[in-house]
Each structure stands twice: as C-alpha cells, then as structure tokens.
$ cat structure.txt   # compact mmCIF, C-alpha atoms
# COMPACT_ATOMS: atom_id res chain seq x y z
CA LEU V 1 -51.07 -101.23 146.42
CA ILE V 2 -49.77 -104.49 145.01
CA GLU V 3 -48.46 -104.18 141.50
CA PHE V 4 -49.12 -107.13 139.21
CA ASP V 5 -46.47 -107.62 136.54
CA LEU V 6 -48.20 -109.33 133.63
CA MET V 7 -45.09 -109.32 131.52
CA GLY V 8 -43.07 -110.96 134.27
CA LEU V 9 -45.71 -113.66 134.64
CA TYR V 10 -45.77 -114.20 130.90
CA ARG V 11 -41.98 -114.54 130.78
CA ALA V 12 -42.04 -117.05 133.68
CA LEU V 13 -44.73 -119.18 132.02
CA ARG V 14 -42.94 -119.01 128.69
CA LYS V 15 -39.72 -120.16 130.35
CA ARG V 16 -41.52 -123.24 131.79
CA LEU V 17 -43.74 -123.90 128.78
CA GLY V 18 -42.05 -127.21 128.02
CA ILE V 19 -42.68 -128.58 131.51
CA ILE V 20 -46.30 -127.44 131.47
CA LEU V 21 -46.96 -129.06 128.10
CA ALA V 22 -45.25 -132.30 129.14
CA VAL V 23 -47.34 -132.59 132.33
CA THR V 24 -50.55 -131.78 130.45
CA VAL V 25 -49.85 -134.38 127.76
CA ALA V 26 -48.92 -137.03 130.34
CA LEU V 27 -52.07 -136.47 132.41
CA THR V 28 -54.24 -136.46 129.29
CA ALA V 29 -52.71 -139.74 128.13
CA LEU V 30 -53.29 -141.40 131.53
CA VAL V 31 -56.90 -140.26 131.61
CA MET V 32 -57.50 -141.51 128.06
CA VAL V 33 -55.96 -144.90 128.84
CA ALA V 34 -58.11 -145.22 131.96
CA VAL V 35 -61.26 -144.21 130.08
CA PHE V 36 -60.62 -146.66 127.25
CA GLN V 37 -60.08 -149.49 129.75
CA MET V 38 -63.35 -148.79 131.53
CA THR V 39 -66.10 -151.27 130.67
CA PRO V 40 -69.69 -150.08 130.32
CA LEU V 41 -72.10 -151.65 132.80
CA TYR V 42 -75.67 -152.76 132.14
CA THR V 43 -78.32 -153.04 134.84
CA GLY V 44 -80.83 -155.88 135.11
CA GLN V 45 -83.91 -155.52 137.27
CA SER V 46 -86.23 -157.93 139.06
CA LEU V 47 -89.25 -157.28 141.31
CA VAL V 48 -90.46 -159.25 144.33
CA LEU V 49 -93.98 -158.78 145.70
CA LEU V 50 -94.37 -159.72 149.37
CA ASP V 51 -97.44 -161.78 150.25
CA THR V 52 -99.33 -160.04 153.05
CA GLN V 53 -102.22 -162.51 153.21
CA LYS V 54 -102.37 -164.83 156.19
CA THR V 55 -103.50 -168.45 155.97
CA GLN V 56 -103.35 -170.40 159.23
CA VAL V 57 -103.08 -174.16 159.22
CA VAL V 58 -104.82 -175.91 162.15
CA ASP V 59 -104.12 -174.30 165.51
CA VAL V 60 -100.37 -173.80 165.08
CA GLN V 61 -99.75 -170.05 164.92
CA ALA V 62 -98.14 -168.51 161.83
CA VAL V 63 -97.55 -171.80 160.00
CA MET V 64 -97.65 -171.21 156.24
CA SER V 65 -98.74 -167.65 156.96
CA GLY V 66 -98.02 -164.54 154.96
CA LEU V 67 -96.10 -161.56 156.27
CA PRO V 68 -97.77 -159.05 158.57
CA ALA V 69 -98.65 -155.88 156.72
CA ASP V 70 -96.28 -153.41 158.34
CA SER V 71 -93.40 -151.30 157.09
CA ALA V 72 -90.81 -152.84 159.41
CA THR V 73 -91.42 -156.29 157.93
CA VAL V 74 -90.85 -155.07 154.37
CA ASP V 75 -87.64 -153.30 155.41
CA SER V 76 -86.51 -156.48 157.18
CA GLN V 77 -87.02 -158.50 153.99
CA VAL V 78 -84.91 -155.94 152.11
CA GLU V 79 -82.08 -156.50 154.60
CA ILE V 80 -82.43 -160.26 154.20
CA LEU V 81 -82.04 -159.87 150.44
CA ARG V 82 -78.88 -157.83 151.01
CA ALA V 83 -77.35 -160.50 153.24
CA ARG V 84 -74.07 -162.13 152.29
CA ALA V 85 -75.70 -165.56 152.67
CA VAL V 86 -78.10 -164.84 149.81
CA ALA V 87 -75.25 -163.50 147.66
CA ARG V 88 -73.19 -166.60 148.42
CA ARG V 89 -76.01 -168.93 147.31
CA VAL V 90 -76.42 -167.02 144.03
CA ILE V 91 -72.67 -167.08 143.43
CA GLU V 92 -72.52 -170.82 144.03
CA LYS V 93 -75.61 -171.43 141.88
CA LEU V 94 -74.23 -169.46 138.90
CA ASP V 95 -70.58 -170.43 139.54
CA LEU V 96 -69.48 -166.79 139.56
CA THR V 97 -66.17 -167.67 141.22
CA ALA V 98 -65.06 -168.84 137.77
CA ASP V 99 -66.10 -165.53 136.19
CA THR V 100 -63.29 -163.04 135.67
CA GLU V 101 -65.74 -160.17 136.13
CA PHE V 102 -66.18 -161.12 139.79
CA ASN V 103 -63.01 -163.03 140.60
CA SER V 104 -60.07 -160.66 140.24
CA GLU V 105 -57.61 -163.53 140.70
CA LEU V 106 -58.61 -164.88 137.28
CA ALA V 107 -58.46 -161.55 135.44
CA PRO V 108 -55.21 -160.52 133.71
CA GLU V 109 -53.44 -157.77 135.59
CA SER V 110 -53.28 -154.34 134.05
CA VAL V 111 -50.33 -151.99 134.37
CA LEU V 112 -52.66 -149.35 135.81
CA VAL V 113 -53.55 -151.65 138.71
CA TRP V 114 -50.14 -151.08 140.25
CA LEU V 115 -50.77 -147.35 140.31
CA ASP V 116 -53.38 -147.98 143.00
CA PRO V 117 -51.74 -147.74 146.47
CA ARG V 118 -54.29 -150.21 147.84
CA VAL V 119 -52.74 -152.95 145.69
CA TRP V 120 -49.33 -152.29 147.21
CA LEU V 121 -50.83 -152.28 150.69
CA ARG V 122 -52.65 -155.61 150.15
CA SER V 123 -49.47 -157.12 148.72
CA LEU V 124 -47.45 -156.07 151.77
CA LEU V 125 -50.08 -157.32 154.21
CA SER V 126 -50.45 -160.67 152.48
CA GLY V 127 -46.70 -161.15 152.42
CA ALA V 128 -46.34 -160.36 156.11
CA GLY V 129 -49.03 -162.81 157.20
CA THR V 130 -48.69 -166.50 157.95
CA PRO V 131 -49.13 -169.04 155.14
CA ARG V 132 -52.79 -169.89 154.63
CA THR V 133 -54.33 -173.29 154.02
CA GLU V 134 -56.21 -174.15 150.84
CA GLU V 135 -59.51 -173.85 152.68
CA GLU V 136 -58.60 -170.37 153.92
CA LYS V 137 -57.56 -169.35 150.41
CA ARG V 138 -60.87 -170.57 148.96
CA GLU V 139 -62.81 -168.74 151.66
CA ALA V 140 -60.82 -165.55 151.05
CA MET V 141 -61.50 -165.84 147.33
CA MET V 142 -65.22 -166.37 148.00
CA ASN V 143 -65.33 -163.33 150.28
CA GLY V 144 -63.69 -161.25 147.57
CA VAL V 145 -66.25 -162.40 145.01
CA ILE V 146 -69.07 -161.65 147.46
CA ASP V 147 -67.68 -158.14 148.00
CA VAL V 148 -67.68 -157.47 144.24
CA PHE V 149 -71.15 -159.01 143.95
CA LEU V 150 -72.61 -156.80 146.69
CA ALA V 151 -70.99 -153.71 145.15
CA ARG V 152 -72.89 -154.42 141.91
CA GLU V 153 -76.15 -155.08 143.74
CA LYS V 154 -78.80 -152.54 144.71
CA ILE V 155 -81.93 -153.62 146.59
CA SER V 156 -84.58 -151.12 147.63
CA ARG V 157 -88.24 -150.85 148.45
CA ARG V 158 -90.51 -149.10 145.97
CA GLY V 159 -92.02 -146.27 147.95
CA LEU V 160 -94.47 -147.49 150.59
CA THR V 161 -95.52 -150.56 148.60
CA TYR V 162 -94.85 -154.24 149.25
CA VAL V 163 -92.67 -154.45 146.13
CA ILE V 164 -88.91 -154.93 146.49
CA GLN V 165 -86.79 -153.86 143.53
CA ILE V 166 -83.58 -155.77 142.77
CA ASP V 167 -81.03 -154.09 140.48
CA PHE V 168 -77.77 -155.71 139.43
CA SER V 169 -75.06 -154.27 137.17
CA SER V 170 -72.82 -156.35 134.92
CA GLU V 171 -70.67 -156.00 131.85
CA ARG V 172 -73.22 -157.93 129.78
CA PRO V 173 -76.94 -157.18 129.80
CA GLU V 174 -78.02 -160.84 129.72
CA LYS V 175 -75.81 -161.61 132.71
CA ALA V 176 -77.19 -158.65 134.66
CA ALA V 177 -80.76 -159.84 134.05
CA ALA V 178 -79.91 -163.45 134.93
CA ILE V 179 -78.27 -162.51 138.23
CA ALA V 180 -81.12 -160.16 139.21
CA ASN V 181 -83.61 -162.96 138.57
CA ALA V 182 -81.41 -165.46 140.44
CA ILE V 183 -81.40 -163.20 143.52
CA ALA V 184 -85.20 -163.05 143.47
CA GLU V 185 -85.52 -166.82 142.91
CA THR V 186 -83.10 -167.57 145.75
CA TYR V 187 -85.07 -165.37 148.13
CA VAL V 188 -88.41 -166.95 147.15
CA LEU V 189 -86.92 -170.44 147.47
CA ASP V 190 -85.62 -169.62 150.95
CA GLN V 191 -89.09 -168.46 151.99
CA LEU V 192 -90.72 -171.61 150.59
CA GLU V 193 -88.20 -173.85 152.34
CA ALA V 194 -88.83 -172.06 155.64
CA LYS V 195 -92.60 -172.45 155.27
CA PHE V 196 -92.27 -176.10 154.24
CA GLU V 197 -90.12 -176.78 157.31
CA ALA V 198 -92.71 -175.08 159.53
CA THR V 199 -95.46 -177.21 157.96
CA ARG V 200 -93.42 -180.37 158.46
CA GLN V 201 -92.91 -179.56 162.14
CA ALA V 202 -96.64 -178.82 162.50
CA ASN V 203 -97.42 -182.16 160.86
CA GLU V 204 -95.17 -183.98 163.30
CA TRP V 205 -96.74 -182.15 166.22
CA LEU V 206 -100.24 -183.04 165.03
CA SER V 207 -99.28 -186.70 164.62
CA GLN V 208 -97.98 -186.86 168.18
CA ARG V 209 -101.02 -185.00 169.50
CA LEU V 210 -103.41 -187.26 167.61
CA GLU V 211 -101.74 -190.37 168.99
CA GLY V 212 -101.98 -188.95 172.51
CA LEU V 213 -105.69 -188.18 172.09
CA ARG V 214 -106.34 -191.66 170.73
CA THR V 215 -104.65 -193.18 173.78
CA GLN V 216 -106.62 -190.87 176.06
CA VAL V 217 -109.94 -191.94 174.51
CA GLN V 218 -109.04 -195.61 174.83
CA ASP V 219 -108.09 -195.15 178.49
CA SER V 220 -111.36 -193.31 179.16
CA GLU V 221 -113.37 -196.06 177.48
CA ARG V 222 -111.60 -198.76 179.51
CA ALA V 223 -112.11 -196.80 182.73
CA ALA V 224 -115.81 -196.33 182.00
CA GLU V 225 -116.26 -200.02 181.16
CA LEU V 226 -114.39 -201.06 184.28
CA TYR V 227 -116.50 -198.76 186.41
CA ARG V 228 -119.74 -200.19 184.97
CA THR V 229 -118.55 -203.73 185.60
CA GLN V 230 -117.39 -203.10 189.17
CA ASN V 231 -120.59 -201.29 190.14
CA GLY V 232 -123.03 -203.55 188.30
CA LEU V 233 -124.48 -200.77 186.20
CA GLU V 234 -125.22 -202.90 183.10
CA GLY V 235 -128.99 -202.91 182.71
CA ALA V 236 -129.63 -201.59 186.21
CA GLY V 237 -131.04 -198.30 187.30
CA GLY V 238 -128.32 -197.82 189.91
CA THR V 239 -128.27 -195.35 192.75
CA THR V 240 -128.23 -191.59 192.40
CA LEU V 241 -124.50 -191.42 193.20
CA ASN V 242 -123.58 -194.11 190.65
CA GLU V 243 -125.69 -192.43 188.00
CA GLN V 244 -123.94 -189.11 188.65
CA GLN V 245 -120.46 -190.67 188.45
CA LEU V 246 -121.38 -192.57 185.32
CA SER V 247 -122.77 -189.40 183.77
CA GLU V 248 -119.53 -187.56 184.51
CA LEU V 249 -117.48 -190.36 182.94
CA ASN V 250 -119.70 -190.38 179.85
CA ALA V 251 -119.37 -186.60 179.57
CA GLN V 252 -115.57 -186.85 179.72
CA LEU V 253 -115.68 -189.61 177.12
CA ILE V 254 -117.84 -187.51 174.80
CA LEU V 255 -115.52 -184.51 175.18
CA ALA V 256 -112.47 -186.66 174.45
CA ARG V 257 -114.12 -188.15 171.36
CA THR V 258 -115.14 -184.69 170.16
CA ASP V 259 -111.61 -183.36 170.66
CA LEU V 260 -110.23 -186.39 168.80
CA ALA V 261 -112.61 -185.86 165.87
CA GLU V 262 -111.63 -182.17 165.68
CA LYS V 263 -107.91 -182.98 165.71
CA GLN V 264 -108.40 -185.65 163.05
CA ALA V 265 -110.12 -183.14 160.76
CA LYS V 266 -107.35 -180.59 161.27
CA TYR V 267 -104.71 -183.27 160.74
CA ALA V 268 -106.33 -184.30 157.45
CA ARG V 269 -106.40 -180.62 156.37
CA ALA V 270 -102.70 -180.21 157.20
CA ARG V 271 -101.81 -183.31 155.17
CA GLN V 272 -103.76 -181.93 152.18
CA ILE V 273 -101.85 -178.62 152.36
CA LEU V 274 -98.53 -180.43 152.76
CA ALA V 275 -99.32 -182.65 149.76
CA SER V 276 -100.08 -179.59 147.61
$ encode --input "structure.txt" --output "structure tokens"
Amino acid sequence: LIEFDLMGLYRALRKRLGIILAVTVALTALVMVAVFQMTPLYTGQSLVLLDTQKTQVVDVQAVMSGLPADSATVDSQVEILRARAVARRVIEKLDLTADTEFNSELAPESVLVWLDPRVWLRSLLSGAGTPRTEEEKREAMMNGVIDVFLAREKISRRGLTYVIQIDFSSERPEKAAAIANAIAETYVLDQLEAKFEATRQANEWLSQRLEGLRTQVQDSERAAELYRTQNGLEGAGGTTLNEQQLSELNAQLILARTDLAEKQAKYARARQILAS
C-alpha cells in the first residue's frame, strides 16, 4: 500500500504558496491584457444566385449562355470566388492596403506581439535574406493583405441550391457588409466581362463569315452569268445537258442566297443583343 501524507503535501504547498500566487497572478494579468486587446468582429453577408438558364446567340455554342445545372459547376464557382485574384481586385477597389485592419505594417506594434515566436522567426528570416526592391516589397505587402483578407472570408454553397453565401468578418459592421457586397459585385462583373468578350468574338466571327458568304454569292452569280453568255442560253431553250448544268448552278445560287439571308438575320440578332 502507498501511504499518502496529506499533512506533508499541505506543508509543501504552504512553503511554496508565494510562488504559486505569483504565477497565478501573472498568468491572470496576461490573459486579461490579451482579452482587453481583442477586438470584436462583425460579419457581413451577401448572396449570389447562379443563372442556370441557357440562351444561345446564333450558332456559336455557349455564347452568352447560363451555367449548366450541375453540382460541380456550382462548386467550381465557389472556388473561383475564393481565388486570390478576386480578393486582390476587391482589395484594390476598396484600397484595403491603406487600412490598418488588413495591413499589419501600418498598425502600431503591441508589446504582446513580441511574445509570439513567429514574429521572431519572420524577423530573423527577413534579416537573413537579400535586400528586396520596392516592387518586391509592394508585392509582399499585397500578399500579406490578401492573406488577412482570405482569413476573414468564408464562402460556401447553401445546401444543394444554386445560391452562394459570402460571409466576411471585420471590426466594423458597415465595413464587413461593404466588403461582402464588393466580393459579390466583383464576381458578377467578372462574369459579365467574360460573356461580353465572348459576344464580341462571336460578332467578329459573324462579320467575317457574312463577308465570305457575300463574296461567295457574288462569285456564283458571275459564274452563272458567264456560263449563260458562253453557252448562249439567254432566251433559248438550250439542250438537255445545258439545261441540267444551268439548273445545278441556279440551285447552288439559291442555296448560297438562302444561307446568306440566314446569316444576315443571325448577325442582326447578335448586334441587337450586343447593343443591349
């Protein structure tokens, strides 16, 4: 059996009571200082509804079309919203590099910061490296702001719907709401720019195609006229062979004119959509 001496334990604790109280008070003071320096965060929220309807323009596939209705597409759009490129555009739009909440280089240093071993490690690594240019310093600062921005950002899909929820946390509620809305607006603007570029390329393609069809019709008309002149078919019944060849040429001419009229109608439709 192991005998447990309560009195001996009491005497040992009583002998070291001063040390125990000092450590307890010191730890309590550090925790209180850290808690008082913590800033409450507010979360702003914005919702994006993906358009799953498809609207094709002329015969160019997927121009100005909506997204296919599948789960992988929605998840892909979530990843696009989480991309650093989107965060960078929002940061540049709102000039968050000049905000002390996101740019730690502008914030006054606290004494508690130096208690973090990561600060010492970054200081040693930066001192051991080669001197950086101004461009490298600006890029490093931007990357740091992007890291803080992404840490405050939360983007998720609402269940199995086509709604993407954007949450952003900030020290001020109005700033949190503004940044959440800016993320959504940047994403929508990117989608519109991509669709506009696709429409512009389709318009250029249709213009080139229309010009080619117009030239083809003119060549067919000249060939038919030349054939009539060379074979004396104006006002004459002609032979069976000439009639067959002339009929084939007229058929090709009619098909070319029909194709041209169809392309002109589609071209006019594309220009109306582009203008709107």
$ closest_residue --input "structure.txt" --among "V:Leu260, V:Leu189, V:Ile183, V:Ala177" --to "Glu211 of chain V" --atoms "all atoms listed in the file"
V:Leu260
$ closest_residue --input "structure.txt" --among "V:Gln218, V:Thr24, V:Gln230, V:Asn143" --to "Thr97 of chain V" --atoms "only C-alpha atoms"
V:Asn143
$ residues_around --input "structure.txt" --residues "Thr186 of chain V" --least-positions-apart "3" --cutoff "8 Å" --atoms "only C-alpha atoms" --output "number ranges by chain"
V: 86, 89-90, 182-183, 189-190
$ atom_distance --input "structure.txt" --atom1 "atom CA of Thr199 of chain V" --atom2 "atom CA of Leu274 of chain V"
6.8 Å
$ closest_residue --input "structure.txt" --among "V:Ala26, V:Thr43, V:Asp51, V:Thr215" --to "Leu192 of chain V" --atoms "all atoms listed in the file"
V:Asp51
$ atom_distance --input "structure.txt" --atom1 "atom CA of Asp259 of chain V" --atom2 "atom CA of Gly212 of chain V"
11.3 Å
